[in-house]
>>> print(open('model-v5.tsv').read())   # TSV, C-alpha atoms
chain	number	residue	atom	x	y	z
A	1	MET	CA	0.00	0.00	0.00
A	2	GLY	CA	2.92	2.36	0.58
A	3	ASP	CA	3.32	5.41	2.78
A	4	ARG	CA	0.07	7.39	2.64
A	5	GLY	CA	1.90	10.50	3.81
A	6	ARG	CA	4.35	10.59	0.90
A	7	LEU	CA	3.55	11.29	-2.73
A	8	HIS	CA	3.40	8.10	-4.75
A	9	ILE	CA	5.39	8.13	-8.00
A	10	SER	CA	4.09	5.31	-10.15
A	11	ALA	CA	6.32	3.01	-12.16
A	12	GLU	CA	3.42	2.49	-14.60
A	13	LEU	CA	3.71	5.79	-16.49
A	14	ALA	CA	5.89	4.56	-19.35
A	15	GLY	CA	3.61	1.58	-19.97
A	16	VAL	CA	0.46	3.69	-20.03
A	17	LEU	CA	2.04	6.21	-22.43
A	18	GLU	CA	3.23	3.42	-24.71
A	19	ARG	CA	-0.24	1.89	-24.83
A	20	VAL	CA	-1.84	5.28	-25.53
A	21	ASP	CA	0.63	5.96	-28.34
A	22	ALA	CA	-0.14	2.57	-29.86
A	23	LEU	CA	-3.73	3.75	-30.37
A	24	GLY	CA	-2.67	6.93	-32.18
A	25	ASP	CA	-3.43	5.74	-35.72
A	26	MET	CA	-6.78	4.29	-34.69
A	27	LEU	CA	-7.79	7.51	-32.93
A	28	ASP	CA	-6.88	9.53	-36.04
A	29	GLU	CA	-8.83	7.22	-38.31
A	30	GLN	CA	-11.94	7.11	-36.14
A	31	ALA	CA	-12.04	10.78	-35.10
A	32	PRO	CA	-14.28	11.96	-37.98
A	33	ALA	CA	-16.78	9.18	-37.29
A	34	ALA	CA	-16.72	9.94	-33.56
A	35	ASP	CA	-17.39	13.59	-34.37
A	36	GLU	CA	-20.49	12.62	-36.36
A	37	LEU	CA	-21.59	10.07	-33.77
A	38	GLY	CA	-21.27	12.60	-30.96
A	39	LYS	CA	-19.29	10.21	-28.76
A	40	LEU	CA	-16.34	7.88	-28.92
A	41	PRO	CA	-17.23	4.52	-30.51
A	42	ASP	CA	-17.52	1.89	-27.81
A	43	ALA	CA	-14.49	-0.03	-29.11
A	44	THR	CA	-12.38	3.14	-29.03
A	45	ALA	CA	-13.42	3.99	-25.49
A	46	ARG	CA	-12.73	0.43	-24.38
A	47	ALA	CA	-9.27	0.45	-25.97
A	48	LEU	CA	-8.42	3.72	-24.21
A	49	LEU	CA	-9.67	2.45	-20.87
A	50	ASP	CA	-7.56	-0.68	-21.34
A	51	THR	CA	-4.43	1.50	-21.49
A	52	GLY	CA	-4.92	2.26	-17.79
A	53	ILE	CA	-5.63	5.96	-18.33
A	54	VAL	CA	-8.47	6.03	-15.78
A	55	ARG	CA	-6.77	3.56	-13.48
A	56	ALA	CA	-3.96	6.13	-13.37
A	57	GLU	CA	-6.00	8.31	-11.03
A	58	LEU	CA	-7.43	5.54	-8.86
A	59	PRO	CA	-5.97	5.02	-5.36
A	60	LEU	CA	-3.17	2.51	-5.01
A	61	GLU	CA	-4.92	0.73	-2.16
A	62	LEU	CA	-7.94	0.06	-4.40
A	63	GLY	CA	-5.74	-1.38	-7.15
A	64	GLY	CA	-5.12	1.85	-9.07
A	65	TYR	CA	-1.84	3.32	-10.26
A	66	GLU	CA	-2.23	6.57	-8.26
A	67	PHE	CA	-0.13	8.73	-10.56
A	68	ALA	CA	1.49	11.90	-9.22
A	69	PRO	CA	0.26	15.22	-10.70
A	70	ARG	CA	2.96	15.59	-13.37
A	71	GLN	CA	2.43	11.98	-14.41
A	72	LEU	CA	-1.29	12.65	-14.81
A	73	ILE	CA	-0.60	15.81	-16.83
A	74	GLU	CA	1.69	13.91	-19.18
A	75	THR	CA	-0.84	11.11	-19.60
A	76	VAL	CA	-3.67	13.49	-20.55
A	77	GLU	CA	-1.29	15.49	-22.75
A	78	ARG	CA	-0.38	12.37	-24.72
A	79	ALA	CA	-3.97	11.19	-25.21
A	80	SER	CA	-5.10	14.67	-26.23
A	81	TYR	CA	-2.28	14.92	-28.76
A	82	HIS	CA	-3.74	11.97	-30.63
A	83	ASP	CA	-7.35	13.18	-30.40
A	84	ALA	CA	-8.61	16.19	-28.46
A	85	ALA	CA	-12.10	14.80	-27.87
A	86	ALA	CA	-10.77	11.43	-26.75
A	87	GLY	CA	-8.31	13.13	-24.39
A	88	TRP	CA	-11.05	15.31	-22.93
A	89	THR	CA	-13.39	12.33	-22.47
A	90	MET	CA	-10.75	10.26	-20.73
A	91	PHE	CA	-9.53	12.98	-18.37
A	92	ALA	CA	-13.14	13.72	-17.38
A	93	LEU	CA	-13.74	10.06	-16.56
A	94	GLN	CA	-10.31	9.89	-14.90
A	95	LEU	CA	-11.02	12.90	-12.68
A	96	MET	CA	-14.50	12.00	-11.53
A	97	THR	CA	-13.79	8.32	-11.08
A	98	GLY	CA	-10.51	8.91	-9.25
A	99	THR	CA	-11.78	11.56	-6.85
A	100	THR	CA	-14.90	9.55	-6.07
A	101	ALA	CA	-12.75	6.55	-5.20
A	102	ALA	CA	-10.56	8.72	-2.97
A	103	TYR	CA	-13.19	10.67	-1.05
A	104	LEU	CA	-16.14	8.28	-0.63
A	105	ALA	CA	-16.54	6.31	2.57
A	106	ARG	CA	-14.51	3.11	2.53
A	107	ASP	CA	-17.44	0.67	2.26
A	108	ALA	CA	-19.02	2.63	-0.59
A	109	ALA	CA	-15.70	2.84	-2.42
A	110	THR	CA	-15.14	-0.88	-2.00
A	111	GLU	CA	-18.55	-1.55	-3.54
A	112	LEU	CA	-17.96	0.73	-6.54
A	113	PHE	CA	-14.35	-0.36	-7.09
A	114	PRO	CA	-14.29	-4.09	-6.28
A	115	ASP	CA	-11.52	-5.28	-8.63
A	116	VAL	CA	-9.69	-2.41	-10.31
A	117	PRO	CA	-6.75	-4.47	-11.67
A	118	ASN	CA	-9.21	-6.60	-13.66
A	119	GLY	CA	-11.24	-3.64	-14.90
A	120	LYS	CA	-14.17	-4.12	-12.54
A	121	TYR	CA	-14.94	-0.63	-11.29
A	122	ALA	CA	-17.48	2.14	-11.74
A	123	LEU	CA	-16.89	4.92	-14.27
A	124	LEU	CA	-18.24	8.30	-13.25
A	125	SER	CA	-19.29	11.31	-15.29
A	126	GLY	CA	-21.14	14.47	-14.34
A	127	HIS	CA	-20.74	18.06	-13.30
A	128	GLY	CA	-20.11	20.05	-10.18
A	129	THR	CA	-20.26	23.80	-10.71
A	130	ARG	CA	-24.05	24.21	-10.50
A	131	PRO	CA	-25.27	22.18	-7.51
A	132	GLY	CA	-28.57	20.38	-7.27
A	133	ARG	CA	-30.83	20.46	-4.22
A	134	ALA	CA	-30.50	17.88	-1.44
A	135	VAL	CA	-33.00	17.44	1.37
A	136	ALA	CA	-31.62	15.54	4.36
A	137	VAL	CA	-33.65	12.45	5.29
A	138	GLU	CA	-32.90	9.44	7.42
A	139	GLY	CA	-29.73	7.77	6.13
A	140	GLY	CA	-29.11	10.17	3.26
A	141	TYR	CA	-30.63	12.78	0.96
A	142	ARG	CA	-33.50	13.27	-1.48
A	143	VAL	CA	-31.83	14.87	-4.49
A	144	SER	CA	-33.25	16.94	-7.36
A	145	GLY	CA	-31.39	18.99	-9.92
A	146	GLN	CA	-30.36	19.86	-13.45
A	147	TRP	CA	-26.68	19.55	-14.38
A	148	GLN	CA	-24.74	20.36	-17.54
A	149	PHE	CA	-21.66	19.26	-19.47
A	150	ALA	CA	-21.37	15.62	-18.41
A	151	SER	CA	-18.32	14.78	-20.54
A	152	GLY	CA	-17.88	11.06	-21.12
A	153	MET	CA	-21.42	10.22	-20.02
A	154	ALA	CA	-21.81	7.73	-22.88
A	155	HIS	CA	-19.23	5.49	-21.21
A	156	ALA	CA	-20.12	6.07	-17.54
A	157	THR	CA	-21.89	3.68	-15.21
A	158	HIS	CA	-22.43	6.22	-12.40
A	159	ILE	CA	-23.06	9.90	-11.92
A	160	HIS	CA	-20.87	12.47	-10.14
A	161	SER	CA	-22.85	15.62	-9.20
A	162	ALA	CA	-22.59	18.53	-6.80
A	163	ILE	CA	-25.49	19.06	-4.38
A	164	GLN	CA	-26.28	21.71	-1.81
A	165	VAL	CA	-27.93	20.52	1.37
A	166	GLU	CA	-31.07	22.44	2.17
A	167	ASP	CA	-31.07	24.23	5.55
A	168	THR	CA	-27.30	23.88	6.13
A	169	GLY	CA	-26.06	25.07	2.72
A	170	GLU	CA	-23.30	22.45	2.80
A	171	LEU	CA	-21.89	21.51	-0.60
A	172	ARG	CA	-21.43	17.80	-1.19
A	173	VAL	CA	-20.70	15.56	-4.15
A	174	LEU	CA	-22.69	12.40	-4.78
A	175	ALA	CA	-22.18	9.15	-6.62
A	176	MET	CA	-25.24	7.30	-7.89
A	177	PRO	CA	-26.11	4.87	-10.70
A	178	LYS	CA	-26.63	6.45	-14.12
A	179	SER	CA	-30.00	4.72	-14.32
A	180	GLN	CA	-31.32	7.12	-11.66
A	181	VAL	CA	-31.06	10.24	-13.84
A	182	THR	CA	-32.63	11.32	-17.12
A	183	LEU	CA	-30.12	12.09	-19.88
A	184	ASP	CA	-31.13	15.10	-21.94
A	185	GLY	CA	-29.01	14.25	-25.00
A	186	ASN	CA	-28.57	17.89	-26.03
A	187	TRP	CA	-24.87	18.15	-26.91
A	188	ASP	CA	-25.19	20.20	-30.14
A	189	VAL	CA	-21.91	22.09	-30.46
A	190	LEU	CA	-19.17	23.01	-32.92
A	191	GLY	CA	-16.19	21.50	-31.06
A	192	LEU	CA	-15.56	18.55	-28.74
A	193	ARG	CA	-18.57	16.91	-30.31
A	194	ALA	CA	-17.29	13.41	-29.56
A	195	THR	CA	-17.19	14.03	-25.79
A	196	HIS	CA	-20.96	13.51	-25.40
A	197	SER	CA	-21.03	16.29	-22.78
A	198	ILE	CA	-24.80	16.22	-22.38
A	199	ASP	CA	-27.05	17.68	-19.69
A	200	TYR	CA	-29.00	15.48	-17.26
A	201	HIS	CA	-31.53	15.82	-14.46
A	202	CYS	CA	-33.30	13.96	-11.68
A	203	THR	CA	-36.17	14.58	-9.29
A	204	ASP	CA	-36.43	13.37	-5.69
A	205	VAL	CA	-33.91	10.53	-5.90
A	206	TYR	CA	-32.68	8.97	-2.67
A	207	VAL	CA	-28.88	8.89	-2.22
A	208	PRO	CA	-27.36	7.26	0.89
A	209	HIS	CA	-25.11	9.53	2.95
A	210	GLU	CA	-22.08	7.28	2.51
A	211	TYR	CA	-22.32	7.81	-1.26
A	212	THR	CA	-21.63	11.51	-0.82
A	213	TYR	CA	-18.67	13.53	0.42
A	214	VAL	CA	-17.94	17.14	1.34
A	215	ALA	CA	-17.10	18.97	-1.89
A	216	THR	CA	-14.24	20.97	-0.37
A	217	THR	CA	-12.47	18.03	1.26
A	218	SER	CA	-8.72	17.65	0.98
A	219	THR	CA	-8.61	14.58	3.21
A	220	PRO	CA	-8.84	11.31	1.25
A	221	VAL	CA	-10.46	8.27	2.81
A	222	ASN	CA	-8.71	6.05	0.27
A	223	GLY	CA	-5.37	6.85	-1.33
A	224	GLY	CA	-2.37	9.00	-0.62
A	225	ALA	CA	-0.92	12.47	-0.91
A	226	VAL	CA	-2.09	13.38	-4.43
A	227	TYR	CA	-5.70	13.51	-3.23
A	228	ARG	CA	-4.86	16.22	-0.71
A	229	LEU	CA	-5.09	18.55	-3.70
A	230	GLY	CA	-8.89	18.53	-3.52
A	231	LEU	CA	-11.38	18.35	-6.34
A	232	VAL	CA	-10.69	21.69	-8.07
A	233	ASN	CA	-6.92	21.28	-8.17
A	234	MET	CA	-7.32	17.71	-9.43
A	235	SER	CA	-9.54	19.12	-12.17
A	236	ALA	CA	-6.84	21.61	-13.15
A	237	ILE	CA	-4.45	18.73	-13.84
A	238	GLY	CA	-6.58	17.32	-16.62
A	239	HIS	CA	-7.43	20.64	-18.24
A	240	THR	CA	-3.77	21.67	-18.24
A	241	GLY	CA	-2.57	18.44	-19.84
A	242	TRP	CA	-5.34	18.70	-22.42
A	243	ALA	CA	-4.32	22.20	-23.51
A	244	LEU	CA	-0.66	21.21	-23.87
A	245	GLY	CA	-1.48	18.13	-25.96
A	246	VAL	CA	-3.77	20.08	-28.30
A	247	GLY	CA	-1.20	22.85	-28.77
A	248	ARG	CA	1.57	20.39	-29.60
A	249	ARG	CA	-0.58	18.57	-32.15
A	250	LEU	CA	-1.65	21.79	-33.88
A	251	LEU	CA	1.93	22.96	-34.32
A	252	ASP	CA	3.00	19.55	-35.60
A	253	GLU	CA	0.13	19.58	-38.11
A	254	LEU	CA	1.18	23.04	-39.32
A	255	LYS	CA	4.72	21.74	-39.74
A	256	ARG	CA	3.36	18.96	-42.00
A	257	VAL	CA	1.46	21.51	-44.07
A	258	ALA	CA	4.58	23.62	-44.42
A	259	ALA	CA	6.65	20.63	-45.52
A	260	ALA	CA	4.11	19.77	-48.21
A	261	ARG	CA	3.87	23.32	-49.57
A	262	THR	CA	7.45	24.54	-49.31
A	263	GLY	CA	8.86	25.38	-52.74
A	264	SER	CA	5.50	25.63	-54.47
A	265	ARG	CA	4.59	28.80	-56.31
A	266	GLY	CA	3.73	31.69	-53.99
A	267	ALA	CA	3.85	29.49	-50.89
A	268	ALA	CA	3.16	31.57	-47.78
A	269	VAL	CA	5.14	29.08	-45.73
A	270	ASP	CA	8.31	30.12	-47.59
A	271	THR	CA	8.14	33.64	-46.18
A	272	SER	CA	10.22	35.03	-43.34
A	273	GLN	CA	7.02	36.12	-41.64
A	274	PHE	CA	5.79	32.52	-41.44
A	275	HIS	CA	9.13	31.34	-40.07
A	276	ALA	CA	9.11	34.06	-37.40
A	277	GLU	CA	5.51	33.38	-36.36
A	278	TYR	CA	6.06	29.62	-36.22
A	279	ALA	CA	9.13	30.15	-34.05
A	280	THR	CA	7.17	32.49	-31.78
A	281	ALA	CA	4.36	29.93	-31.39
A	282	GLU	CA	6.88	27.17	-30.69
A	283	ALA	CA	8.61	29.28	-28.06
A	284	GLY	CA	5.31	30.20	-26.42
A	285	LEU	CA	4.13	26.60	-26.20
A	286	ARG	CA	7.45	25.28	-24.89
A	287	ALA	CA	7.65	28.06	-22.31
A	288	ALA	CA	4.07	27.43	-21.16
A	289	ARG	CA	4.77	23.73	-20.81
A	290	ALA	CA	7.96	24.36	-18.86
A	291	TRP	CA	6.12	26.64	-16.45
A	292	VAL	CA	3.36	24.04	-15.99
A	293	TYR	CA	5.87	21.41	-14.96
A	294	ASP	CA	7.74	23.90	-12.75
A	295	VAL	CA	4.58	24.89	-10.84
A	296	TRP	CA	3.51	21.30	-10.37
A	297	ARG	CA	7.02	20.19	-9.35
A	298	ASP	CA	6.79	22.66	-6.48
A	299	VAL	CA	3.31	21.46	-5.53
A	300	GLU	CA	4.49	17.84	-5.57
A	301	ARG	CA	7.29	18.76	-3.20
A	302	SER	CA	4.76	20.14	-0.70
A	303	LEU	CA	2.50	17.11	-1.02
A	304	ASP	CA	5.45	14.79	-0.46
A	305	GLN	CA	6.24	16.66	2.76
A	306	GLY	CA	2.74	16.06	4.06
A	307	GLU	CA	1.56	19.62	3.41
A	308	LEU	CA	-1.49	21.06	1.68
A	309	PRO	CA	-0.86	23.48	-1.20
A	310	SER	CA	-0.40	27.05	0.01
A	311	THR	CA	-2.61	29.88	-1.22
A	312	GLU	CA	0.20	30.92	-3.55
A	313	GLN	CA	0.39	27.40	-4.96
A	314	ASP	CA	-3.41	27.26	-5.36
A	315	THR	CA	-3.20	30.55	-7.21
A	316	LEU	CA	-0.40	29.39	-9.50
A	317	ILE	CA	-2.23	26.13	-10.28
A	318	ARG	CA	-5.14	28.19	-11.58
A	319	LEU	CA	-2.93	30.76	-13.28
A	320	VAL	CA	-0.72	28.27	-15.08
A	321	LEU	CA	-3.84	26.52	-16.44
A	322	ASN	CA	-5.21	29.86	-17.65
A	323	HIS	CA	-1.84	30.74	-19.18
A	324	ALA	CA	-1.44	27.37	-20.90
A	325	THR	CA	-4.94	27.64	-22.36
A	326	SER	CA	-4.49	31.22	-23.59
A	327	THR	CA	-1.08	30.33	-25.04
A	328	VAL	CA	-2.54	27.40	-26.95
A	329	CYS	CA	-5.33	29.65	-28.24
A	330	GLU	CA	-2.60	31.91	-29.66
A	331	VAL	CA	-0.99	28.86	-31.20
A	332	GLY	CA	-4.36	28.01	-32.73
A	333	ARG	CA	-4.63	31.47	-34.28
A	334	THR	CA	-1.18	31.09	-35.80
A	335	VAL	CA	-2.05	27.67	-37.20
A	336	HIS	CA	-5.35	28.93	-38.62
A	337	ARG	CA	-3.64	31.91	-40.28
A	338	TRP	CA	-0.91	29.90	-42.01
A	339	ALA	CA	-2.53	26.54	-42.73
A	340	GLY	CA	-4.70	27.98	-45.49
A	341	SER	CA	-7.33	25.61	-46.82
A	342	ALA	CA	-6.17	22.86	-44.42
A	343	ALA	CA	-7.73	24.94	-41.63
A	344	ILE	CA	-11.18	25.00	-43.20
A	345	ARG	CA	-11.52	21.63	-44.87
A	346	ARG	CA	-12.42	18.55	-42.84
A	347	GLY	CA	-9.26	17.12	-41.33
A	348	PRO	CA	-7.16	17.16	-38.17
A	349	ILE	CA	-6.40	20.91	-38.18
A	350	ASP	CA	-10.06	21.84	-38.63
A	351	ARG	CA	-11.11	19.36	-35.93
A	352	PHE	CA	-8.44	20.36	-33.40
A	353	LEU	CA	-9.19	24.05	-33.91
A	354	ARG	CA	-12.91	23.48	-33.30
A	355	ASP	CA	-12.16	21.36	-30.25
A	356	LEU	CA	-9.78	24.01	-28.91
A	357	GLY	CA	-12.36	26.75	-29.38
A	358	THR	CA	-14.84	24.81	-27.27
A	359	GLY	CA	-12.44	23.51	-24.62
A	360	ALA	CA	-11.00	26.98	-24.00
A	361	GLN	CA	-14.45	28.16	-22.91
A	362	HIS	CA	-14.34	25.98	-19.80
A	363	ILE	CA	-14.98	27.82	-16.54
A	364	THR	CA	-11.60	26.83	-15.10
A	365	SER	CA	-9.90	29.04	-17.71
A	366	SER	CA	-12.37	31.92	-17.49
A	367	PRO	CA	-11.38	35.61	-17.30
A	368	VAL	CA	-12.85	35.77	-13.78
A	369	VAL	CA	-10.41	33.14	-12.52
A	370	LEU	CA	-7.56	35.10	-14.10
A	371	GLN	CA	-8.78	38.27	-12.38
A	372	ASN	CA	-8.90	36.47	-9.03
A	373	CYS	CA	-5.33	35.25	-9.53
A	374	GLY	CA	-4.28	38.83	-10.14
A	375	LYS	CA	-6.08	40.03	-7.01
A	376	TRP	CA	-4.06	37.72	-4.81
A	377	LEU	CA	-0.71	37.98	-6.59
A	378	SER	CA	-0.82	41.79	-6.65
A	379	GLY	CA	-1.10	41.87	-2.88
A	380	GLY	CA	-4.49	43.50	-2.75
A	381	HIS	CA	-6.12	40.61	-0.90
A	382	PRO	CA	-3.33	38.93	1.11
A	383	ASP	CA	-5.68	37.15	3.52
A	384	ALA	CA	-8.02	35.78	0.85
A	385	ARG	CA	-8.30	32.05	0.24
A	386	TRP	CA	-9.61	30.02	-2.67
A	387	SER	CA	-13.05	28.45	-2.46
A	388	PHE	CA	-13.34	26.42	-5.66
A	389	LEU	CA	-12.70	29.06	-8.36
A	390	ASP	CA	-13.58	32.06	-6.19
A	391	LEU	CA	-11.21	34.11	-4.04
A	392	THR	CA	-12.89	34.87	-0.70
>>> encode(input="model-v5.tsv", output="structure tokens")
Amino acid sequence: MGDRGRLHISAELAGVLERVDALGDMLDEQAPAADELGKLPDATARALLDTGIVRAELPLELGGYEFAPRQLIETVERASYHDAAAGWTMFALQLMTGTTAAYLARDAATELFPDVPNGKYALLSGHGTRPGRAVAVEGGYRVSGQWQFASGMAHATHIHSAIQVEDTGELRVLAMPKSQVTLDGNWDVLGLRATHSIDYHCTDVYVPHEYTYVATTSTPVNGGAVYRLGLVNMSAIGHTGWALGVGRRLLDELKRVAAARTGSRGAAVDTSQFHAEYATAEAGLRAARAWVYDVWRDVERSLDQGELPSTEQDTLIRLVLNHATSTVCEVGRTVHRWAGSAAIRRGPIDRFLRDLGTGAQHITSSPVVLQNCGKWLSGGHPDARWSFLDLT
């Protein structure tokens, strides 16, 4: 089981990355069909799950790999490089499944995750930024609500949702079977179409208390130091890795376009302006990635020493995600400007640009979060602390 106080560094990273890379050609080939289908084909999702990408965030004591933060970032980065929608789907399932396994009461976690090494465990999808209503009753809660953006719901067995307890105002997160909610099937969007990020709702459903946990907890019931990050910081890991993978793929695709067009009559990619802008985009992406790994290296050091992240570290986790996302959006603009018709015809550049445009709208990278980071870093609110994405 290992030392729960120390940060676990898994020996499984190389194997997971190798298995993800082995699916690269398949993900490329099936991406257009997944886009039309509005979800990953079942065989594709199963192949990705078999790489261990969700197991990577499950607690070691339940049979998971329990990757450290930088290992998780690299895993999501690699999957997202091959297909942005597949990477997004997998990190959503990874996040909600892993945190549920860590924070639920031990008996409930044992029931949902009976045999992780052999693939027998619940997969959770859902949303947490707009809580439903929970009325306390004997043994649990009666829950009603409407939630949005349940990425990966097509492949989930259970639901992860935020709830607010009536009378006390306490925020909790629940886990319940997918059969207990109504799926609205309304994911009609331009990008990330294959993530199946639909809305869902339920009315007056009973959820036992042990299948819920306090939303702000940083104390895992199952698992080690990585889960002291809490739900929001764990979420930042996936979004950050996703942005880096998408940015790298877009620049590599532009490089392929340039190689094919160099030397042709009037080729824009033969100009000094293109060379300078490509170099600028490359520098920006590499610098953003280096800062991501620097911030998370420092956070890992604190976790390994038994500490919770400081307010400064919480701020930098949010800021480095915002910066990585905005940097990759700049990369996307460069790719769109110089790729010519490859940016508007169906193909990987068109698809990755659409997926980037949608993914960059996520609340974790919003202007308000950036403003809150600036409030704290500028010294105007030295005593403020983070509550989810708000500075209070």
>>> residues_around(input="model-v5.tsv", residues="Trp376 of chain A", least_positions_apart="2", cutoff="12 Å", atoms="all atoms listed in the file", output="JSON, numbers by chain")
{"A": [311, 312, 313, 314, 315, 316, 318, 319, 369, 370, 371, 372, 373, 374, 378, 379, 380, 381, 382, 383, 384, 385, 386, 390, 391, 392]}
>>> write_last_selection(input="model-v5.tsv", atoms="C-alpha atoms", output="short mmCIF file (atom, residue, chain, number, x, y, z; two decimals), keeping the file's coordinate frame")
data_model
loop_
_atom_site.label_atom_id
_atom_site.label_comp_id
_atom_site.auth_asym_id
_atom_site.auth_seq_id
_atom_site.Cartn_x
_atom_site.Cartn_y
_atom_site.Cartn_z
CA THR A 311 -2.61 29.88 -1.22
CA GLU A 312 0.20 30.92 -3.55
CA GLN A 313 0.39 27.40 -4.96
CA ASP A 314 -3.41 27.26 -5.36
CA THR A 315 -3.20 30.55 -7.21
CA LEU A 316 -0.40 29.39 -9.50
CA ARG A 318 -5.14 28.19 -11.58
CA LEU A 319 -2.93 30.76 -13.28
CA VAL A 369 -10.41 33.14 -12.52
CA LEU A 370 -7.56 35.10 -14.10
CA GLN A 371 -8.78 38.27 -12.38
CA ASN A 372 -8.90 36.47 -9.03
CA CYS A 373 -5.33 35.25 -9.53
CA GLY A 374 -4.28 38.83 -10.14
CA SER A 378 -0.82 41.79 -6.65
CA GLY A 379 -1.10 41.87 -2.88
CA GLY A 380 -4.49 43.50 -2.75
CA HIS A 381 -6.12 40.61 -0.90
CA PRO A 382 -3.33 38.93 1.11
CA ASP A 383 -5.68 37.15 3.52
CA ALA A 384 -8.02 35.78 0.85
CA ARG A 385 -8.30 32.05 0.24
CA TRP A 386 -9.61 30.02 -2.67
CA ASP A 390 -13.58 32.06 -6.19
CA LEU A 391 -11.21 34.11 -4.04
CA THR A 392 -12.89 34.87 -0.70
#
>>> residues_around(input="model-v5.tsv", residues="Tyr103 of chain A", least_positions_apart="3", cutoff="6 Å", atoms="all atoms listed in the file", output="PyMOL selection string")
chain A and resi 100+220-221
>>> axis_aligned_box(input="model-v5.tsv", around="segment 345-356 of chain A", padding_each_side="3 Å", output="lines of an AutoDock Vina configuration file")
center_x = -9.7
center_y = 20.6
center_z = -36.9
size_x = 12.5
size_y = 12.9
size_z = 22.0
>>> closest_residue(input="model-v5.tsv", among="A:His8, A:Arg261, A:Arg55, A:His336", to="Gly98 of chain A", atoms="only C-alpha atoms")
A:Arg55
>>> closest_residue(input="model-v5.tsv", among="A:Arg297, A:His127, A:His158, A:Arg333", to="Leu231 of chain A", atoms="only C-alpha atoms")
A:His127
>>> residues_around(input="model-v5.tsv", residues="segment 70-82 of chain A", least_positions_apart="2", cutoff="7 Å", atoms="all atoms listed in the file", output="ChimeraX atom specification")
/A:13,17,20,24,27-28,67-68,84,86-88,91,237-238,240-242,244-246,248-249,293,296
>>> closest_residue(input="model-v5.tsv", among="A:His362, A:Lys255, A:Lys178, A:His196", to="Thr157 of chain A", atoms="only C-alpha atoms")
A:Lys178
>>> closest_residue(input="model-v5.tsv", among="A:Glu253, A:Asp83, A:Asp270, A:Asp350", to="Glu29 of chain A", atoms="only C-alpha atoms")
A:Asp83
